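Here is the structure we will look at.
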Amino acid sequence: MQTSEGPRVAESVLRAYARTRPTLAEIRFMSGPTVLARPGDSLLRIAEANQVPLESGCQMGVCGADPVRILAGAENLTPPSVDERVALRRLALPADCRMACTARVRGHVTVALARAGAPPSTSVRADATVPERLRSSSRRRVVIIGNGVAGVTAAVELRERDPDIDITILGAEPYEFYNRMVINKLLPGSAQIDRLALLPSDWAASREIRHLRGIAARSIDRVRREVQTDAGDTLPYDNLLLATGAACDVSAIEEHRKAGTFVMRTIDDALRLREYIAERRCRRAVVVGAGLLGLEVASSIREMGSRVYVIETAAWPLSRQLDRTAGTLVQQLMMDLGIKILIGAGASALLGADHVEEVQLADGQRLKADIVLLATGIVPNVALAERAGLAIDHGVIVDDRMATSDSRIFAAGDVAVYRGSTPGLWLVAMEQARVAAINMLGGDCRYDARVPPTRLKVSGLDVLSVGNVTRTGGHVQQICVDDGDPRQYRKLFLRTGKASAAIVVGHQALHELVSEAVRANRDVSDVIPSLQRGDWTVLQT
Amino acid sequence: MSSADTSHTGEFGSRFLASLDDEDIATVLRYTEARRYSSGELAIRCGDADRSIYVVAAGSFDVVVPTPSGPRSVAVIRVGDIFGDLAFLDGEPRSADVRAAEDSEAFIMTPASFDRLRLAHPRLALSFLLDLGRILSGRFRDISRLLAARSGL
C-alpha cells in the first residue's frame with residue numbers, strides 16, 4: 001500500500017495563475033527575492049510581503065524611512081511626487097534612489113536597499129557626547145533644542161541654505177534621530193532599533209553641525225542670548241529654535257502612575273512596555289484613545305498575542321481624520337483584526353493594588369487589563385519656554401513665520417501652537433521647521449497650515465486622510481463613491497471646484513494620486529462626472 | 001477503495017481549491033505573492049519559522065532533509081504541488097530545505113496575506129482552511145492505514 005502523493009492544487013488554480021502571469025512585473029531585490037508583482041503595488045508593500053528588510057515610515061514618501069536604489073527599470077515606476085522629490089533631495093540620496101512607499105511598479109525593476117552598503121550601526125543608542133570646547137566665533141550662531149523631526153529638519157535646512165552659519169543641535173534622548181512613527185513596531189519585534197535611524201550616523205558631522213546627544217537644555221537666558229545645558233555648558237545664540245516636542249497627555253486618567261500604565265512617545269517607552277509584557281506575560285491590554293497612535297499601538301500589542309480593547313470618548317475612531325461612515329468602517333475592520341473599539345467610552349479610573357488590574361469606564365463598566373496604554377493626545381513640552389517667559393497657550397505661541405513672542409526665538413513641531421492648534425503630526429513638524437529655518441536666516445516664509453496627509457499604519461488596513469475633513473458647509477461639495485464593496489470607502493471634498501480634502505479606505509493604488517490632488521488644491525470641476533462615476537484616475541494630470 | 005482515492009475524491013472535489021469558481025480563485029490569487037527562483041535558490045530553509053504555504057507554478061523543487069550522513073534529497077515537488085502546508089497550520093519550524101531544482105516559480109500565501117483574505121473574504125478563507133484540513137486528514141488516514149498494514153492489523 002502506498003501513501004498518496006503530496007497535496008496538489010486544482011488545475012483551475014494553475015490556469016488562473018497562468019492567465020495573470022503575463023501581467024505580473026518582475027521585481028528583483030539584490031541579494032533578496034525576485035518577486036512577480038502586480039502593477040500598482042508599491043515597492044514597500046512588495047518588500048514587506050516578501051520579507052525584504054525595509055522599515056516603513058510615513059508611507060507618503062516624505063520621512064525617508066525606506067529609500068531604495070533603482071538599479072534598472074526606473075521608468076517602470078510611477079514618477080516621484082513633489083513631496084518625494086523634496087525628501088530625496090533633503091536626504092542627499094544618490095540620484096537613482098526612490099522612496100519605496102510611493103514608488104509603484106508598472107514593469108520590471110531591479111532594486112537594492114539604499115543603505116545596504118553603509119556600515120552596520122551597532123545601535124542607535126550612543127553615550128552622551130561631551131561637548132567640544134566651543135570656540136568663540138564671529139559666525140552667526142543658531143542653537144536648536146530638540147533632535148526630533150522638527151529640530152533635525154531645521155538643522156539640515158539651515159545648512160543647505162547657509163554654509164557658514166554655526167549650528168548646534170541638542171537632544172535629551174540618547175539616540176540618533178529616529179523614526180518615531182514606527183516605534184510601536186518594536187513591540188512585536190517587526191522593527192529593530194538599529195533600523196529606525198532615518199539619517200546616516202554621520203548626518204550632523206558631514207554637515208558640520210554640532211550634535212549634542214543625551215544633553216538637555218536647562219534654561220534660556222534671553223537677555224544674554226544663551227542656553228544653559230544640564231551638562232553645565234553655555235551655548236550662545238543669535239537665533240534659537242525650540243523643538244522640544246510633546247509628551248503624552250495623561251491628565252485624563254487619575255492614578256496613571258500605577259505600574260502597568262504606559263505611553264508611547266520614545267524608543268525607551270516602547271522598550272519598557274515590551275519588557276513589561278514579556279516579564280508579566282500580559283495577555284490583556286486596554287488602549288485609551290482611538291487616534292492614529294492608539295490604533296497603531298493596539299495593532300502591535302495584538303500582534304504580540306494580547307487581547308486588546310481600545311476605548312474612545314468620541315463617536316468613532318480617528319475622529320480627526322475620518323467622517324462617521326469611514327470611522328465606523330475602520331472600527332469594523334479593526335474588530336476583524338481582533339481589536340475591539342469601544343465608542344463613547346472614557347476611562348474614569350485604573351484599578352489595582354500595586355499595578356493595573358482593571359480599567360473602570362465612565363459608565364461603571366470594568367475591563368480587565370494587565371497593561372494600559374494612554375494615547376489620549378499630547379501636551380507640548382513648554383517648561384523651558386515658560387521659565388524663559390515666552391508667551392504660552394498650551395504650547396509655545398508662534399506666528400505664521402514660526403516666531404515666538406521673542407523675535408530671536410522660533411518654535412516648530414509639537415511644542416508650537418499655531419492659531420490655537422498643535423496637530424502633533426510629522427509632516428506639520430517638518431514644514432514648520434523648514435519655515436522657521438528660512439526665517440531665521442532673514443527670509444520671509446509663511447507657514448501654510450494645510451492639513452497634511454496622514455495614513456493609518458496598521459498592517460492590512462489602507463486608510464488615508466488628507467486636508468480638513470471636518471470642515472463642512474454649503475460651499476463644500478462632497479463626492480462619495482459607492483463601489484459596492486462594504487470594506488472600501490472614498491470621499492473627496494471640493495471647495496469651489498478644487499480638491500480640498502479626501503478620505504480613502506482601501507483603494508491603496510489611489511493614495512498618492514489623491515494626496516497629490518489635494519496638496520496641489522487641483523481644480524477638478526471639469527471632471528466631476530468621472531469622479532462621481534468612480535474613475536479617480538482623472539485626478540492625475 | 002485505495003487510500004489515494006479517499007484523499008483525492010470527495011464531495012468537495014479532488015484537489016486544493018477545486019470547489020472554487022474562477023472568480024473566487026482570482027480573488028484568492030490576489031492575496032498571494034508570486035516569486036521566481038533561480039536554479040539552486042532556497043525557497044524554504046530548514047529551521048526557519050516562517051509560515052507561508054507554497055504552490056509550484058513552474059519548474060520544480062527538491063526537498064532536502066538533514067541526516068547524520070549529510071543532506072539527503074527526499075522528494076521532488078512539481079507544478080501544482082503544495083508545500084509548506086504543515087507550518088502554515090502549526091507554526092513549527094521548517095523540517096527541510098526546499099530548493100529550486102531549475103528556474104522555477106511559486107505562488108505563496110503568507111500568514112499576513114491570509115489574515116487579509118480572512119478580513120475581506122471570510123467565506124473564501126474558510127474554504128481555503130477546510131480544503132487544507134481535508135487534504136491533511138486524507139494524508140493522516142493514509143498514514144494510519146499504512147501503519148496498520150505494517151503492524152499486520
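Residues in the C-alpha cells are numbered from 1 in each chain, the chains being A, B, ... in the order shown, and ligands are numbered from 1 in the order shown.
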Problem - Residue neighbourhood stretch 89-99 of chain B, 6 Å, only C-alpha atoms, exclusion window fewer than 3 positions, as JSON, numbers by chain - result: {"B": [40, 41, 42, 43, 44, 45, 46, 47, 48, 49, 51, 61, 62, 63, 64, 65, 86]}
Take the residues just selected and output them with N, CA and C atoms as a tab-separated table (two decimals), in the first residue's frame.
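selection29.tsv, written as the output of this step:
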```tsv
chain	number	residue	atom	x	y	z
B	40	GLY	N	18.72	26.35	-7.84
B	40	GLY	CA	19.59	26.27	-6.67
B	40	GLY	C	19.17	27.19	-5.54
B	41	GLU	N	18.28	28.15	-5.82
B	41	GLU	CA	17.86	29.12	-4.78
B	41	GLU	C	16.95	28.44	-3.76
B	42	LEU	N	17.14	28.79	-2.50
B	42	LEU	CA	16.32	28.20	-1.44
B	42	LEU	C	14.97	28.91	-1.36
B	43	ALA	N	13.89	28.14	-1.31
B	43	ALA	CA	12.57	28.72	-1.06
B	43	ALA	C	12.26	28.64	0.42
B	44	ILE	N	12.65	27.53	1.03
B	44	ILE	CA	12.42	27.31	2.46
B	44	ILE	C	13.72	26.79	3.05
B	45	ARG	N	14.06	27.32	4.22
B	45	ARG	CA	15.28	26.86	4.88
B	45	ARG	C	14.89	26.07	6.13
B	46	CYS	N	15.50	24.93	6.27
B	46	CYS	CA	15.24	24.08	7.43
B	46	CYS	C	15.46	24.88	8.72
B	47	GLY	N	14.50	24.83	9.62
B	47	GLY	CA	14.64	25.52	10.91
B	47	GLY	C	13.99	26.89	10.93
B	48	ASP	N	13.72	27.45	9.74
B	48	ASP	CA	13.09	28.78	9.70
B	48	ASP	C	11.69	28.74	10.30
B	49	ALA	N	11.27	29.91	10.79
B	49	ALA	CA	9.97	29.95	11.47
B	49	ALA	C	8.87	30.53	10.59
B	51	ARG	N	5.79	30.95	8.03
B	51	ARG	CA	4.63	30.05	7.99
B	51	ARG	C	3.89	30.08	6.67
B	61	PHE	N	11.11	21.73	-7.49
B	61	PHE	CA	11.92	21.97	-6.29
B	61	PHE	C	12.33	20.64	-5.68
B	62	ASP	N	13.50	20.62	-5.06
B	62	ASP	CA	13.95	19.45	-4.29
B	62	ASP	C	13.69	19.68	-2.82
B	63	VAL	N	13.21	18.65	-2.15
B	63	VAL	CA	13.09	18.70	-0.69
B	63	VAL	C	14.31	18.00	-0.12
B	64	VAL	N	15.07	18.71	0.67
B	64	VAL	CA	16.33	18.18	1.17
B	64	VAL	C	16.30	18.19	2.69
B	65	VAL	N	16.48	17.02	3.32
B	65	VAL	CA	16.47	16.98	4.78
B	65	VAL	C	17.88	16.71	5.29
B	86	LEU	N	2.20	22.30	6.40
B	86	LEU	CA	2.15	21.94	7.82
B	86	LEU	C	2.49	23.13	8.70
```
Practice task
Could you tell me, as a PyMOL selection string, which residues of stretch 2-153 of chain B DSSP assigns to strand (DSSP E) when given the backbone?
Solution key: chain B and resi 33-37+42-44+53-58+60-65+72-78+82-83+97-100+104-109
Next, the residues of the selection above should be written as a PDB file, in the first residue's frame with C-alpha atoms.
```pdb
ATOM      1  CA  GLU B  33       2.730  36.660  -3.591  1.00  0.00           C
ATOM      2  CA  ALA B  34       4.345  35.191  -6.698  1.00  0.00           C
ATOM      3  CA  ARG B  35       8.084  34.555  -6.668  1.00  0.00           C
ATOM      4  CA  ARG B  36      10.711  33.465  -9.148  1.00  0.00           C
ATOM      5  CA  TYR B  37      13.554  31.210  -8.046  1.00  0.00           C
ATOM      6  CA  LEU B  42      16.318  28.205  -1.439  1.00  0.00           C
ATOM      7  CA  ALA B  43      12.569  28.721  -1.063  1.00  0.00           C
ATOM      8  CA  ILE B  44      12.422  27.311   2.456  1.00  0.00           C
ATOM      9  CA  ILE B  53       2.243  27.976   2.123  1.00  0.00           C
ATOM     10  CA  TYR B  54       3.584  27.496  -1.414  1.00  0.00           C
ATOM     11  CA  VAL B  55       2.175  26.249  -4.719  1.00  0.00           C
ATOM     12  CA  VAL B  56       4.600  25.384  -7.521  1.00  0.00           C
ATOM     13  CA  ALA B  57       3.606  27.300 -10.658  1.00  0.00           C
ATOM     14  CA  ALA B  58       6.565  26.458 -12.886  1.00  0.00           C
ATOM     15  CA  SER B  60      10.397  22.014  -9.764  1.00  0.00           C
ATOM     16  CA  PHE B  61      11.922  21.971  -6.290  1.00  0.00           C
ATOM     17  CA  ASP B  62      13.954  19.447  -4.294  1.00  0.00           C
ATOM     18  CA  VAL B  63      13.088  18.701  -0.693  1.00  0.00           C
ATOM     19  CA  VAL B  64      16.333  18.176   1.170  1.00  0.00           C
ATOM     20  CA  VAL B  65      16.466  16.978   4.784  1.00  0.00           C
ATOM     21  CA  ARG B  72      19.566  13.984   1.501  1.00  0.00           C
ATOM     22  CA  SER B  73      17.053  14.742  -1.216  1.00  0.00           C
ATOM     23  CA  VAL B  74      13.821  13.048  -0.245  1.00  0.00           C
ATOM     24  CA  ALA B  75      11.316  14.310  -2.769  1.00  0.00           C
ATOM     25  CA  VAL B  76      10.820  16.387  -5.882  1.00  0.00           C
ATOM     26  CA  ILE B  77       7.910  18.838  -5.968  1.00  0.00           C
ATOM     27  CA  ARG B  78       6.463  19.712  -9.331  1.00  0.00           C
ATOM     28  CA  ILE B  82       1.747  22.341  -2.497  1.00  0.00           C
ATOM     29  CA  PHE B  83       4.451  22.625   0.120  1.00  0.00           C
ATOM     30  CA  ASP B  97      15.206  22.733   2.901  1.00  0.00           C
ATOM     31  CA  VAL B  98      13.232  23.292  -0.287  1.00  0.00           C
ATOM     32  CA  ARG B  99      15.487  24.311  -3.154  1.00  0.00           C
ATOM     33  CA  ALA B 100      14.675  25.165  -6.762  1.00  0.00           C
ATOM     34  CA  SER B 104      11.041  27.915 -11.077  1.00  0.00           C
ATOM     35  CA  GLU B 105       8.048  29.894  -9.887  1.00  0.00           C
ATOM     36  CA  ALA B 106       5.761  29.553  -6.917  1.00  0.00           C
ATOM     37  CA  PHE B 107       2.860  31.496  -5.525  1.00  0.00           C
ATOM     38  CA  ILE B 108       2.692  31.927  -1.821  1.00  0.00           C
ATOM     39  CA  MET B 109       0.070  32.624   0.802  1.00  0.00           C
TER      40      MET B 109
END
```
Handout entry: Interface list for chain A, partner chain B, 8 Å threshold, only C-alpha atoms, as a PyMOL selection string
Key = chain A and resi 1-14+16-17+33-37+49-50+333+336-337+460+487
With C-alpha atoms retained, export the selected residues as a PDB file, in the first residue's frame.
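again-v3.pdb, written as the output of this step:
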```
ATOM      1  CA  MET A   1       0.000   0.000   0.000  1.00  0.00           C
ATOM      2  CA  GLN A   2       1.294   3.394  -0.994  1.00  0.00           C
ATOM      3  CA  THR A   3       0.578   6.686   0.697  1.00  0.00           C
ATOM      4  CA  SER A   4      -0.961   9.175  -1.651  1.00  0.00           C
ATOM      5  CA  GLU A   5       1.337  11.714  -3.208  1.00  0.00           C
ATOM      6  CA  GLY A   6       1.600  15.183  -1.670  1.00  0.00           C
ATOM      7  CA  PRO A   7      -1.259  17.659  -1.840  1.00  0.00           C
ATOM      8  CA  ARG A   8      -1.912  19.286  -5.181  1.00  0.00           C
ATOM      9  CA  VAL A   9      -3.741  22.397  -6.202  1.00  0.00           C
ATOM     10  CA  ALA A  10      -6.660  22.286  -8.627  1.00  0.00           C
ATOM     11  CA  GLU A  11      -5.882  22.700 -12.322  1.00  0.00           C
ATOM     12  CA  SER A  12      -8.274  25.637 -12.420  1.00  0.00           C
ATOM     13  CA  VAL A  13      -5.989  27.499  -9.990  1.00  0.00           C
ATOM     14  CA  LEU A  14      -2.942  26.884 -12.159  1.00  0.00           C
ATOM     15  CA  ALA A  16      -5.941  31.216 -13.375  1.00  0.00           C
ATOM     16  CA  TYR A  17      -2.337  31.884 -12.378  1.00  0.00           C
ATOM     17  CA  PRO A  33      13.975  37.517  -3.597  1.00  0.00           C
ATOM     18  CA  THR A  34      12.686  38.022  -7.109  1.00  0.00           C
ATOM     19  CA  VAL A  35       9.012  38.844  -6.854  1.00  0.00           C
ATOM     20  CA  LEU A  36       6.368  38.740  -9.562  1.00  0.00           C
ATOM     21  CA  ALA A  37       4.287  41.729  -8.559  1.00  0.00           C
ATOM     22  CA  ALA A  49       5.146  40.948   1.892  1.00  0.00           C
ATOM     23  CA  ASN A  50       8.312  39.151   0.848  1.00  0.00           C
ATOM     24  CA  LEU A 333     -12.048  46.341  10.111  1.00  0.00           C
ATOM     25  CA  ASP A 336     -11.805  41.732  12.332  1.00  0.00           C
ATOM     26  CA  LEU A 337      -8.144  42.068  13.298  1.00  0.00           C
ATOM     27  CA  GLY A 460      -3.834  45.085   6.394  1.00  0.00           C
ATOM     28  CA  ARG A 487     -14.860  47.236   3.001  1.00  0.00           C
TER      29      ARG A 487
END
```
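Pairwise distance (atom CA of B:Leu147, atom CA of B:Ser52) equals 29.4 Å.
Taking only C-alpha atoms into account, A:Ala388 lies nearest to A:Leu242 out of the set A:Met60, A:Leu242, A:Ala259, A:Ala362.
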Problem - Selected residue, from A:Arg455, A:Arg85, A:Arg140, A:Arg159, that lies nearest to A:Leu293 when counting only C-alpha atoms - result: A:Arg455
Practice task
Find the spatial neighbours of stretch 214-221 of chain A, counting only C-alpha atoms, within a cut-off of 6 Å - ignore same-chain residues fewer than 2 positions away - and output them as a PyMOL selection string.
Solution key: chain A and resi 128+171-174+223-230+388
